[in-house]
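Below is start.txt, which holds compact mmCIF, N, CA and C atoms.
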# COMPACT_ATOMS: atom_id res chain seq x y z
N MET A 13 58.56 11.98 -116.96
CA MET A 13 59.14 12.56 -115.75
C MET A 13 58.30 12.20 -114.52
N ARG A 14 56.98 12.27 -114.70
CA ARG A 14 56.10 11.95 -113.57
C ARG A 14 56.26 10.49 -113.15
N ARG A 15 56.45 9.63 -114.14
CA ARG A 15 56.61 8.21 -113.86
C ARG A 15 57.88 7.97 -113.03
N ILE A 16 58.93 8.69 -113.34
CA ILE A 16 60.18 8.56 -112.59
C ILE A 16 59.98 9.01 -111.14
N VAL A 17 59.25 10.10 -110.94
CA VAL A 17 58.99 10.59 -109.58
C VAL A 17 58.18 9.57 -108.79
N VAL A 18 57.19 8.96 -109.44
CA VAL A 18 56.37 7.95 -108.76
C VAL A 18 57.22 6.74 -108.38
N ILE A 19 58.08 6.30 -109.28
CA ILE A 19 58.96 5.17 -108.99
C ILE A 19 59.91 5.51 -107.85
N LEU A 20 60.48 6.72 -107.88
CA LEU A 20 61.36 7.14 -106.79
C LEU A 20 60.62 7.20 -105.46
N PHE A 21 59.38 7.67 -105.50
CA PHE A 21 58.57 7.74 -104.28
C PHE A 21 58.42 6.36 -103.66
N TYR A 22 58.08 5.36 -104.46
CA TYR A 22 57.89 4.02 -103.92
C TYR A 22 59.21 3.41 -103.46
N LEU A 23 60.29 3.68 -104.15
CA LEU A 23 61.59 3.19 -103.70
C LEU A 23 61.97 3.80 -102.36
N VAL A 24 61.71 5.09 -102.21
CA VAL A 24 62.02 5.75 -100.94
C VAL A 24 61.16 5.17 -99.82
N LEU A 25 59.89 4.92 -100.10
CA LEU A 25 59.03 4.32 -99.08
C LEU A 25 59.54 2.94 -98.67
N VAL A 26 60.01 2.15 -99.61
CA VAL A 26 60.51 0.82 -99.28
C VAL A 26 61.73 0.90 -98.38
N PHE A 27 62.65 1.82 -98.70
CA PHE A 27 63.89 1.88 -97.95
C PHE A 27 63.79 2.68 -96.66
N PHE A 28 62.90 3.66 -96.59
CA PHE A 28 62.86 4.51 -95.41
C PHE A 28 61.64 4.30 -94.53
N SER A 29 60.70 3.48 -94.94
CA SER A 29 59.56 3.14 -94.11
C SER A 29 59.96 1.97 -93.24
N THR A 30 60.49 2.29 -92.09
CA THR A 30 61.06 1.25 -91.26
C THR A 30 60.48 1.30 -89.86
N ALA A 31 60.48 0.17 -89.23
CA ALA A 31 60.07 0.10 -87.84
C ALA A 31 61.25 0.47 -86.96
N ALA A 32 61.01 0.60 -85.68
CA ALA A 32 62.06 1.04 -84.75
C ALA A 32 63.25 0.09 -84.75
N ILE A 33 63.03 -1.18 -85.01
CA ILE A 33 64.13 -2.14 -84.99
C ILE A 33 65.09 -1.95 -86.15
N SER A 34 64.68 -1.19 -87.16
CA SER A 34 65.53 -1.02 -88.33
C SER A 34 66.83 -0.30 -88.01
N GLN A 35 66.94 0.32 -86.87
CA GLN A 35 68.16 1.00 -86.50
C GLN A 35 69.31 0.02 -86.29
N GLU A 36 69.00 -1.27 -86.21
CA GLU A 36 70.01 -2.29 -86.04
C GLU A 36 70.59 -2.75 -87.38
N ILE A 37 70.06 -2.26 -88.49
CA ILE A 37 70.50 -2.69 -89.82
C ILE A 37 71.71 -1.88 -90.23
N ASN A 38 72.71 -2.57 -90.78
CA ASN A 38 73.87 -1.90 -91.35
C ASN A 38 73.54 -1.55 -92.80
N TRP A 39 73.19 -0.30 -93.05
CA TRP A 39 72.70 0.14 -94.36
C TRP A 39 73.76 -0.01 -95.44
N GLY A 40 75.01 -0.02 -95.11
CA GLY A 40 76.07 -0.19 -96.10
C GLY A 40 76.12 -1.57 -96.70
N GLN A 41 75.49 -2.55 -96.06
CA GLN A 41 75.53 -3.92 -96.56
C GLN A 41 74.26 -4.32 -97.29
N ILE A 42 73.34 -3.41 -97.50
CA ILE A 42 72.11 -3.72 -98.23
C ILE A 42 72.40 -3.65 -99.72
N ASN A 43 71.93 -4.66 -100.43
CA ASN A 43 72.06 -4.68 -101.88
C ASN A 43 70.83 -5.35 -102.48
N SER A 44 70.80 -5.49 -103.80
CA SER A 44 69.63 -6.05 -104.47
C SER A 44 69.41 -7.52 -104.13
N ASN A 45 70.43 -8.20 -103.64
CA ASN A 45 70.28 -9.61 -103.29
C ASN A 45 69.65 -9.84 -101.93
N ASN A 46 69.79 -8.90 -100.99
CA ASN A 46 69.30 -9.14 -99.63
C ASN A 46 68.25 -8.15 -99.15
N VAL A 47 67.83 -7.20 -99.97
CA VAL A 47 66.90 -6.18 -99.49
C VAL A 47 65.55 -6.77 -99.10
N ILE A 48 65.03 -7.73 -99.84
CA ILE A 48 63.74 -8.33 -99.50
C ILE A 48 63.82 -9.08 -98.18
N ASP A 49 64.90 -9.80 -97.94
CA ASP A 49 65.07 -10.51 -96.67
C ASP A 49 65.09 -9.55 -95.49
N ILE A 50 65.77 -8.44 -95.65
CA ILE A 50 65.87 -7.46 -94.56
C ILE A 50 64.51 -6.84 -94.27
N ILE A 51 63.77 -6.49 -95.30
CA ILE A 51 62.45 -5.89 -95.10
C ILE A 51 61.51 -6.85 -94.39
N THR A 52 61.53 -8.13 -94.76
CA THR A 52 60.62 -9.10 -94.15
C THR A 52 60.99 -9.42 -92.71
N LYS A 53 62.24 -9.19 -92.31
CA LYS A 53 62.67 -9.47 -90.93
C LYS A 53 62.29 -8.35 -89.97
N GLN A 54 61.82 -7.22 -90.45
CA GLN A 54 61.50 -6.10 -89.57
C GLN A 54 60.26 -6.39 -88.75
N ASP A 55 60.21 -5.81 -87.57
CA ASP A 55 59.08 -5.98 -86.66
C ASP A 55 57.99 -5.00 -87.06
N LEU A 56 57.05 -5.44 -87.88
CA LEU A 56 55.99 -4.55 -88.34
C LEU A 56 54.89 -4.36 -87.30
N ASN A 57 54.97 -5.07 -86.18
CA ASN A 57 53.99 -4.89 -85.11
C ASN A 57 54.42 -3.81 -84.13
N SER A 58 55.54 -3.20 -84.36
CA SER A 58 56.01 -2.14 -83.50
C SER A 58 55.03 -0.97 -83.53
N LYS A 59 54.94 -0.25 -82.44
CA LYS A 59 54.04 0.89 -82.36
C LYS A 59 54.60 2.11 -83.07
N SER A 60 55.90 2.14 -83.29
CA SER A 60 56.55 3.29 -83.89
C SER A 60 56.73 3.07 -85.39
N TYR A 61 56.47 4.11 -86.16
CA TYR A 61 56.59 4.04 -87.60
C TYR A 61 56.98 5.41 -88.13
N SER A 62 57.91 5.43 -89.05
CA SER A 62 58.34 6.68 -89.64
C SER A 62 58.52 6.49 -91.14
N SER A 63 57.97 7.41 -91.91
CA SER A 63 58.14 7.39 -93.36
C SER A 63 58.60 8.77 -93.79
N THR A 64 59.69 8.81 -94.54
CA THR A 64 60.28 10.09 -94.94
C THR A 64 60.49 10.11 -96.44
N LEU A 65 60.02 11.17 -97.08
CA LEU A 65 60.26 11.40 -98.50
C LEU A 65 60.84 12.79 -98.64
N GLN A 66 62.02 12.87 -99.22
CA GLN A 66 62.67 14.16 -99.46
C GLN A 66 63.07 14.23 -100.92
N ILE A 67 62.50 15.19 -101.63
CA ILE A 67 62.83 15.40 -103.03
C ILE A 67 63.37 16.81 -103.14
N GLY A 68 64.62 16.95 -103.53
CA GLY A 68 65.24 18.26 -103.65
C GLY A 68 66.65 18.22 -103.10
N ASN A 69 67.26 19.37 -103.04
CA ASN A 69 68.64 19.49 -102.58
C ASN A 69 68.70 20.07 -101.17
N SER A 70 69.61 19.56 -100.37
CA SER A 70 69.94 20.10 -99.05
C SER A 70 68.75 20.14 -98.10
N ASN A 71 67.87 19.16 -98.18
CA ASN A 71 66.79 19.04 -97.19
C ASN A 71 67.33 18.33 -95.96
N ASN A 72 66.80 18.67 -94.79
CA ASN A 72 67.29 18.10 -93.54
C ASN A 72 66.11 17.84 -92.61
N ALA A 73 66.11 16.67 -91.97
CA ALA A 73 65.08 16.34 -90.99
C ALA A 73 65.76 15.72 -89.78
N GLU A 74 65.54 16.31 -88.61
CA GLU A 74 66.04 15.76 -87.36
C GLU A 74 64.83 15.35 -86.53
N LEU A 75 64.65 14.04 -86.37
CA LEU A 75 63.50 13.50 -85.66
C LEU A 75 63.96 12.81 -84.40
N TYR A 76 63.43 13.23 -83.26
CA TYR A 76 63.68 12.59 -81.97
C TYR A 76 62.32 12.12 -81.47
N LEU A 77 62.05 10.83 -81.64
CA LEU A 77 60.71 10.30 -81.44
C LEU A 77 60.67 9.29 -80.29
N ASN A 78 59.52 9.24 -79.62
CA ASN A 78 59.32 8.17 -78.65
C ASN A 78 58.88 6.92 -79.40
N ASP A 79 58.73 5.83 -78.70
CA ASP A 79 58.41 4.57 -79.37
C ASP A 79 56.94 4.41 -79.71
N ARG A 80 56.13 5.44 -79.47
CA ARG A 80 54.70 5.38 -79.79
C ARG A 80 54.32 6.40 -80.85
N THR A 81 55.27 6.82 -81.65
CA THR A 81 55.05 7.87 -82.64
C THR A 81 54.98 7.29 -84.05
N ASN A 82 53.96 7.67 -84.76
CA ASN A 82 53.81 7.35 -86.18
C ASN A 82 53.85 8.67 -86.94
N ILE A 83 54.86 8.85 -87.77
CA ILE A 83 55.02 10.13 -88.46
C ILE A 83 55.31 9.89 -89.94
N ILE A 84 54.66 10.69 -90.76
CA ILE A 84 54.91 10.69 -92.20
C ILE A 84 55.41 12.08 -92.56
N LEU A 85 56.59 12.14 -93.16
CA LEU A 85 57.22 13.41 -93.49
C LEU A 85 57.50 13.47 -94.98
N GLN A 86 57.13 14.59 -95.61
CA GLN A 86 57.45 14.85 -97.01
C GLN A 86 58.04 16.24 -97.12
N GLN A 87 59.21 16.34 -97.72
CA GLN A 87 59.84 17.63 -97.99
C GLN A 87 60.13 17.67 -99.48
N ILE A 88 59.44 18.55 -100.18
CA ILE A 88 59.59 18.67 -101.63
C ILE A 88 60.04 20.09 -101.92
N GLY A 89 61.23 20.23 -102.44
CA GLY A 89 61.84 21.53 -102.67
C GLY A 89 63.27 21.49 -102.17
N ASP A 90 63.89 22.65 -102.07
CA ASP A 90 65.28 22.72 -101.64
C ASP A 90 65.41 23.47 -100.33
N TYR A 91 66.42 23.09 -99.54
CA TYR A 91 66.81 23.78 -98.31
C TYR A 91 65.69 23.82 -97.27
N ASN A 92 64.88 22.79 -97.20
CA ASN A 92 63.85 22.69 -96.17
C ASN A 92 64.44 22.03 -94.94
N ARG A 93 64.00 22.47 -93.75
CA ARG A 93 64.50 21.95 -92.48
C ARG A 93 63.31 21.57 -91.60
N LEU A 94 63.44 20.42 -90.93
CA LEU A 94 62.44 20.01 -89.95
C LEU A 94 63.17 19.56 -88.70
N PHE A 95 62.78 20.12 -87.58
CA PHE A 95 63.27 19.71 -86.26
C PHE A 95 62.05 19.25 -85.48
N TYR A 96 62.00 17.98 -85.11
CA TYR A 96 60.81 17.41 -84.47
C TYR A 96 61.25 16.62 -83.25
N ASN A 97 60.72 16.97 -82.09
CA ASN A 97 61.13 16.32 -80.85
C ASN A 97 59.91 16.04 -79.98
N ASN A 98 59.57 14.78 -79.82
CA ASN A 98 58.58 14.38 -78.82
C ASN A 98 59.08 13.16 -78.04
N SER A 99 60.39 13.06 -77.90
CA SER A 99 60.99 11.89 -77.26
C SER A 99 60.84 11.87 -75.75
N PHE A 100 60.44 12.97 -75.14
CA PHE A 100 60.37 13.02 -73.68
C PHE A 100 58.94 12.90 -73.17
N THR A 101 58.06 12.33 -73.96
CA THR A 101 56.68 12.16 -73.55
C THR A 101 56.22 10.75 -73.89
N GLU A 102 55.23 10.27 -73.21
CA GLU A 102 54.68 8.94 -73.47
C GLU A 102 53.43 9.01 -74.36
N THR A 103 53.09 10.18 -74.85
CA THR A 103 51.89 10.37 -75.65
C THR A 103 52.00 9.63 -76.97
N GLU A 104 50.94 8.90 -77.33
CA GLU A 104 50.90 8.25 -78.64
C GLU A 104 50.54 9.31 -79.66
N LEU A 105 51.26 9.34 -80.76
CA LEU A 105 51.10 10.42 -81.72
C LEU A 105 51.09 9.88 -83.14
N LYS A 106 50.15 10.36 -83.93
CA LYS A 106 50.11 10.08 -85.36
C LYS A 106 50.06 11.43 -86.05
N THR A 107 51.06 11.70 -86.86
CA THR A 107 51.12 13.02 -87.48
C THR A 107 51.66 12.93 -88.90
N SER A 108 51.35 13.94 -89.68
CA SER A 108 51.81 14.04 -91.06
C SER A 108 52.28 15.47 -91.30
N ILE A 109 53.49 15.61 -91.81
CA ILE A 109 54.04 16.94 -92.09
C ILE A 109 54.50 16.97 -93.54
N THR A 110 54.00 17.95 -94.31
CA THR A 110 54.36 18.09 -95.71
C THR A 110 54.83 19.51 -95.96
N THR A 111 55.96 19.63 -96.64
CA THR A 111 56.51 20.93 -96.99
C THR A 111 56.74 20.97 -98.50
N HIS A 112 56.12 21.95 -99.16
CA HIS A 112 56.32 22.20 -100.59
C HIS A 112 56.89 23.59 -100.73
N GLY A 113 58.11 23.71 -101.19
CA GLY A 113 58.69 25.04 -101.37
C GLY A 113 60.17 25.01 -101.08
N PHE A 114 60.70 26.21 -100.86
CA PHE A 114 62.13 26.36 -100.69
C PHE A 114 62.43 27.13 -99.41
N ASN A 115 63.46 26.67 -98.70
CA ASN A 115 63.97 27.37 -97.52
C ASN A 115 62.92 27.53 -96.42
N ASN A 116 62.19 26.46 -96.13
CA ASN A 116 61.20 26.47 -95.06
C ASN A 116 61.78 25.79 -93.82
N ILE A 117 61.41 26.29 -92.65
CA ILE A 117 61.87 25.72 -91.39
C ILE A 117 60.65 25.41 -90.53
N ILE A 118 60.57 24.17 -90.06
CA ILE A 118 59.51 23.75 -89.14
C ILE A 118 60.18 23.20 -87.90
N ASP A 119 59.81 23.73 -86.74
CA ASP A 119 60.38 23.30 -85.47
C ASP A 119 59.23 22.94 -84.53
N VAL A 120 59.06 21.65 -84.26
CA VAL A 120 57.98 21.16 -83.40
C VAL A 120 58.60 20.50 -82.18
N THR A 121 58.16 20.93 -81.00
CA THR A 121 58.66 20.35 -79.76
C THR A 121 57.48 19.92 -78.89
N GLY A 122 57.54 18.69 -78.42
CA GLY A 122 56.53 18.18 -77.51
C GLY A 122 55.29 17.68 -78.23
N SER A 123 54.38 17.08 -77.47
CA SER A 123 53.11 16.62 -78.01
C SER A 123 52.07 16.63 -76.90
N ASN A 124 50.83 16.83 -77.29
CA ASN A 124 49.71 16.81 -76.35
C ASN A 124 48.46 16.41 -77.12
N SER A 125 47.30 16.51 -76.49
CA SER A 125 46.06 16.08 -77.14
C SER A 125 45.71 16.94 -78.35
N ILE A 126 46.16 18.17 -78.38
CA ILE A 126 45.88 19.03 -79.53
C ILE A 126 46.70 18.59 -80.74
N SER A 127 47.93 18.16 -80.54
CA SER A 127 48.78 17.76 -81.66
C SER A 127 48.57 16.31 -82.09
N GLU A 128 47.71 15.59 -81.39
CA GLU A 128 47.41 14.21 -81.74
C GLU A 128 46.70 14.19 -83.10
N ASN A 129 47.14 13.32 -84.00
CA ASN A 129 46.59 13.21 -85.36
C ASN A 129 46.73 14.50 -86.17
N MET A 130 47.77 15.26 -85.91
CA MET A 130 48.00 16.54 -86.57
C MET A 130 48.46 16.32 -88.01
N LYS A 131 47.95 17.16 -88.91
CA LYS A 131 48.41 17.20 -90.29
C LYS A 131 48.84 18.63 -90.57
N LEU A 132 50.10 18.81 -90.83
CA LEU A 132 50.67 20.14 -91.08
C LEU A 132 51.18 20.19 -92.50
N THR A 133 50.69 21.17 -93.27
CA THR A 133 51.12 21.35 -94.65
C THR A 133 51.60 22.78 -94.82
N VAL A 134 52.82 22.93 -95.32
CA VAL A 134 53.40 24.25 -95.57
C VAL A 134 53.65 24.36 -97.07
N LYS A 135 53.05 25.37 -97.69
CA LYS A 135 53.26 25.61 -99.11
C LYS A 135 53.76 27.03 -99.27
N GLY A 136 54.87 27.17 -99.94
CA GLY A 136 55.45 28.50 -100.14
C GLY A 136 56.94 28.47 -99.88
N ASP A 137 57.51 29.65 -99.89
CA ASP A 137 58.95 29.78 -99.71
C ASP A 137 59.25 30.64 -98.49
N ASN A 138 60.39 30.37 -97.84
CA ASN A 138 60.90 31.17 -96.72
C ASN A 138 59.91 31.28 -95.56
N LYS A 139 59.25 30.19 -95.20
CA LYS A 139 58.31 30.16 -94.07
C LYS A 139 59.01 29.56 -92.86
N ILE A 140 58.68 30.07 -91.68
CA ILE A 140 59.20 29.52 -90.43
C ILE A 140 58.02 29.25 -89.51
N ILE A 141 57.95 28.02 -88.99
CA ILE A 141 56.88 27.64 -88.07
C ILE A 141 57.52 27.07 -86.81
N PHE A 142 57.21 27.69 -85.68
CA PHE A 142 57.61 27.17 -84.37
C PHE A 142 56.36 26.67 -83.68
N MET A 143 56.33 25.41 -83.26
CA MET A 143 55.17 24.86 -82.58
C MET A 143 55.65 24.23 -81.27
N ARG A 144 55.06 24.67 -80.19
CA ARG A 144 55.41 24.14 -78.86
C ARG A 144 54.16 23.52 -78.26
N ASN A 145 54.22 22.25 -77.91
CA ASN A 145 53.10 21.52 -77.32
C ASN A 145 53.52 21.04 -75.93
N TYR A 146 53.00 21.70 -74.91
CA TYR A 146 53.33 21.32 -73.53
C TYR A 146 52.09 20.95 -72.79

Can you present the structure in this file as structure tokens?
Amino acid sequence: MRRIVVILFYLVLVFFSTAAISQEINWGQINSNNVIDIITKQDLNSKSYSSTLQIGNSNNAELYLNDRTNIILQQIGDYNRLFYNNSFTETELKTSITTHGFNNIIDVTGSNSISENMKLTVKGDNKIIFMRNY
């Protein structure tokens, strides 16, 4: 079972670890014959990077990012929600958010020097975190 989870983790990283230019890809046309070509065509020198891993049912992540944001998101469990918005600032941001549990809500708005290089880990059930960075 653990081996399957590790394999799924790496597959998710391959498909969802994309640069900002990946929004131009038509995901419906990706198959085993062209996936390597598409990955190699991505602009890996872009300043923006996002990696998302969601294991469980009904997890949701809404990310509104500027082009200087590097974010790693992991949601493990069911019914977890993340709302993240730093699209209205020019601040360069590197952050990591991990949620282990069920029915957790994280709402982060804005970024500043305090939230730079932030690592947020939530473990448990039915937790709500509101973070405002102005």

TODO: Compare A:Gly122, A:Gly40, A:Gly113, A:Gly136 by their minimum atom-to-atom distance to A:Ser99, counting all atoms listed in the file, and give me the closest one.
DONE: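 Looking only at the distances to A:Ser99, the closest residue turns out to be A:Gly122.
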
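Distances here use all atoms listed in the file; by that measure, the residue among A:Ile141, A:Leu77, A:Leu94, A:Leu85 closest to A:Thr64 is A:Leu85.
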
Task: Between atom CA of A:Phe100 and atom C of A:Phe114 - distance in Å to one decimal - done: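 Computing it gives 29.4 Å between the two atoms.
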
- [ ] Fewer than 3 positions away in the same chain doesn't count, so skip those; otherwise give me all residues within 6 Å of A:Lys106, counting only N, CA and C atoms, as a ChimeraX atom specification.
- [x] /A:81-83,128-130

Open item on the list: Residues near A:Thr103, anyone? I mean within 10 Å using only C-alpha atoms, not counting same-chain ones fewer than 5 positions away, as an MDAnalysis selection string.
Closed with: chainID A and resid 78:81 98 122:125 128

Selection file, N, CA and C atoms, as a compact mmCIF listing (two decimals), in the frame of the given file:
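Wrote selection_27.txt, looks like this:
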# COMPACT_ATOMS: atom_id res chain seq x y z
N ASN A 78 59.52 9.24 -79.62
CA ASN A 78 59.32 8.17 -78.65
C ASN A 78 58.88 6.92 -79.40
N ASP A 79 58.73 5.83 -78.70
CA ASP A 79 58.41 4.57 -79.37
C ASP A 79 56.94 4.41 -79.71
N ARG A 80 56.13 5.44 -79.47
CA ARG A 80 54.70 5.38 -79.79
C ARG A 80 54.32 6.40 -80.85
N THR A 81 55.27 6.82 -81.65
CA THR A 81 55.05 7.87 -82.64
C THR A 81 54.98 7.29 -84.05
N ASN A 98 59.57 14.78 -79.82
CA ASN A 98 58.58 14.38 -78.82
C ASN A 98 59.08 13.16 -78.04
N GLY A 122 57.54 18.69 -78.42
CA GLY A 122 56.53 18.18 -77.51
C GLY A 122 55.29 17.68 -78.23
N SER A 123 54.38 17.08 -77.47
CA SER A 123 53.11 16.62 -78.01
C SER A 123 52.07 16.63 -76.90
N ASN A 124 50.83 16.83 -77.29
CA ASN A 124 49.71 16.81 -76.35
C ASN A 124 48.46 16.41 -77.12
N SER A 125 47.30 16.51 -76.49
CA SER A 125 46.06 16.08 -77.14
C SER A 125 45.71 16.94 -78.35
N GLU A 128 47.71 15.59 -81.39
CA GLU A 128 47.41 14.21 -81.74
C GLU A 128 46.70 14.19 -83.10

Task: Interatomic distance, atom CA of A:Tyr76 to atom CA of A:Asn46 (Å, one decimal) - done: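 So the answer is 28.6 Å.
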
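For the choices A:Ile84, A:Met143, A:Thr121, A:Asn43, the atom-to-atom distance to A:Asn97 is smallest for A:Thr121 when using only N, CA and C atoms.
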
TODO: Would you list the contacts of A:Asn69 as a ChimeraX atom specification, taking every protein, DNA or RNA residue within 6.5 Å and counting all atoms listed in the file, but skipping same-chain residues closer than 3 positions in sequence?
DONE: /A:89-92

Task: Which residue of A:Gln66, A:Gln87, A:Asn116, A:Thr111 approaches A:Val134 most closely, using only N, CA and C atoms - done: A:Thr111

Open item on the list: For a test of reading the model, state the distance in Å between atom N of A:Ile88 and atom N of A:Ser127, rounded to one decimal.
Closed with: 22.8 Å

- [ ] In the coordinates of the file, take the point (52.0, 20.2, -91.2) and a cut-off of 6.5 Å; then, counting only N, CA and C atoms, name each qualifying protein, DNA or RNA residue as a list of chain:residue names.
- [x]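 Those residues, ordered by chain and then number, are A:Ser108, A:Ile109, A:Thr110, A:Met130, A:Lys131, A:Leu132, A:Thr133, A:Val134.
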
Selection export as a CSV table (one decimal), keeping the file's coordinate frame, atoms kept: N, CA and C atoms:
chain,number,residue,atom,x,y,z
A,108,SER,N,51.4,13.9,-89.7
A,108,SER,CA,51.8,14.0,-91.1
A,108,SER,C,52.3,15.5,-91.3
A,109,ILE,N,53.5,15.6,-91.8
A,109,ILE,CA,54.0,16.9,-92.1
A,109,ILE,C,54.5,17.0,-93.5
A,110,THR,N,54.0,18.0,-94.3
A,110,THR,CA,54.4,18.1,-95.7
A,110,THR,C,54.8,19.5,-96.0
A,130,MET,N,47.8,15.3,-85.9
A,130,MET,CA,48.0,16.5,-86.6
A,130,MET,C,48.5,16.3,-88.0
A,131,LYS,N,48.0,17.2,-88.9
A,131,LYS,CA,48.4,17.2,-90.3
A,131,LYS,C,48.8,18.6,-90.6
A,132,LEU,N,50.1,18.8,-90.8
A,132,LEU,CA,50.7,20.1,-91.1
A,132,LEU,C,51.2,20.2,-92.5
A,133,THR,N,50.7,21.2,-93.3
A,133,THR,CA,51.1,21.4,-94.6
A,133,THR,C,51.6,22.8,-94.8
A,134,VAL,N,52.8,22.9,-95.3
A,134,VAL,CA,53.4,24.2,-95.6
A,134,VAL,C,53.6,24.4,-97.1

TODO: From the DSSP assignment of the backbone, select every residue of stretch 54-111 of chain A that is strand (DSSP E or B), and format the answer as a VMD selection string.
DONE: chain A and resid 61 to 67 72 to 76 81 to 88 93 to 97 105 to 111

Can you pull stretch 118-124 of chain A out of that block with all heavy atoms and hand it back as a PDB file, in the first residue's frame?
ATOM      1  N   ILE A 118      -8.205  26.450   5.480  1.00  0.00           N
ATOM      2  CA  ILE A 118      -7.114  27.417   5.599  1.00  0.00           C
ATOM      3  C   ILE A 118      -7.388  28.534   4.612  1.00  0.00           C
ATOM      4  O   ILE A 118      -7.588  28.294   3.425  1.00  0.00           O
ATOM      5  CB  ILE A 118      -5.750  26.773   5.301  1.00  0.00           C
ATOM      6  CG1 ILE A 118      -5.485  25.617   6.269  1.00  0.00           C
ATOM      7  CG2 ILE A 118      -4.641  27.815   5.385  1.00  0.00           C
ATOM      8  CD1 ILE A 118      -4.256  24.814   5.925  1.00  0.00           C
ATOM      9  N   ASP A 119      -7.398  29.765   5.102  1.00  0.00           N
ATOM     10  CA  ASP A 119      -7.674  30.934   4.270  1.00  0.00           C
ATOM     11  C   ASP A 119      -6.536  31.931   4.483  1.00  0.00           C
ATOM     12  O   ASP A 119      -6.422  32.527   5.550  1.00  0.00           O
ATOM     13  CB  ASP A 119      -9.020  31.543   4.667  1.00  0.00           C
ATOM     14  CG  ASP A 119      -9.438  32.684   3.766  1.00  0.00           C
ATOM     15  OD1 ASP A 119      -8.644  33.098   2.890  1.00  0.00           O
ATOM     16  OD2 ASP A 119     -10.557  33.175   3.942  1.00  0.00           O
ATOM     17  N   VAL A 120      -5.684  32.094   3.467  1.00  0.00           N
ATOM     18  CA  VAL A 120      -4.532  32.995   3.543  1.00  0.00           C
ATOM     19  C   VAL A 120      -4.714  34.089   2.505  1.00  0.00           C
ATOM     20  O   VAL A 120      -4.943  33.806   1.331  1.00  0.00           O
ATOM     21  CB  VAL A 120      -3.210  32.240   3.283  1.00  0.00           C
ATOM     22  CG1 VAL A 120      -2.027  33.193   3.354  1.00  0.00           C
ATOM     23  CG2 VAL A 120      -3.039  31.094   4.264  1.00  0.00           C
ATOM     24  N   THR A 121      -4.612  35.340   2.942  1.00  0.00           N
ATOM     25  CA  THR A 121      -4.731  36.470   2.033  1.00  0.00           C
ATOM     26  C   THR A 121      -3.531  37.388   2.203  1.00  0.00           C
ATOM     27  O   THR A 121      -3.187  37.761   3.322  1.00  0.00           O
ATOM     28  CB  THR A 121      -6.021  37.268   2.314  1.00  0.00           C
ATOM     29  OG1 THR A 121      -7.137  36.410   2.146  1.00  0.00           O
ATOM     30  CG2 THR A 121      -6.149  38.442   1.371  1.00  0.00           C
ATOM     31  N   GLY A 122      -2.912  37.741   1.098  1.00  0.00           N
ATOM     32  CA  GLY A 122      -1.805  38.680   1.113  1.00  0.00           C
ATOM     33  C   GLY A 122      -0.484  38.031   1.467  1.00  0.00           C
ATOM     34  O   GLY A 122      -0.412  36.843   1.791  1.00  0.00           O
ATOM     35  N   SER A 123       0.586  38.812   1.371  1.00  0.00           N
ATOM     36  CA  SER A 123       1.913  38.348   1.758  1.00  0.00           C
ATOM     37  C   SER A 123       2.747  39.540   2.184  1.00  0.00           C
ATOM     38  O   SER A 123       2.527  40.665   1.750  1.00  0.00           O
ATOM     39  CB  SER A 123       2.577  37.592   0.612  1.00  0.00           C
ATOM     40  OG  SER A 123       2.704  38.420  -0.510  1.00  0.00           O
ATOM     41  N   ASN A 124       3.680  39.290   3.077  1.00  0.00           N
ATOM     42  CA  ASN A 124       4.601  40.313   3.552  1.00  0.00           C
ATOM     43  C   ASN A 124       5.884  39.625   4.007  1.00  0.00           C
ATOM     44  O   ASN A 124       6.062  38.431   3.815  1.00  0.00           O
ATOM     45  CB  ASN A 124       3.964  41.153   4.669  1.00  0.00           C
ATOM     46  CG  ASN A 124       3.506  40.324   5.842  1.00  0.00           C
ATOM     47  OD1 ASN A 124       4.003  39.230   6.083  1.00  0.00           O
ATOM     48  ND2 ASN A 124       2.535  40.833   6.574  1.00  0.00           N
TER      49      ASN A 124
END
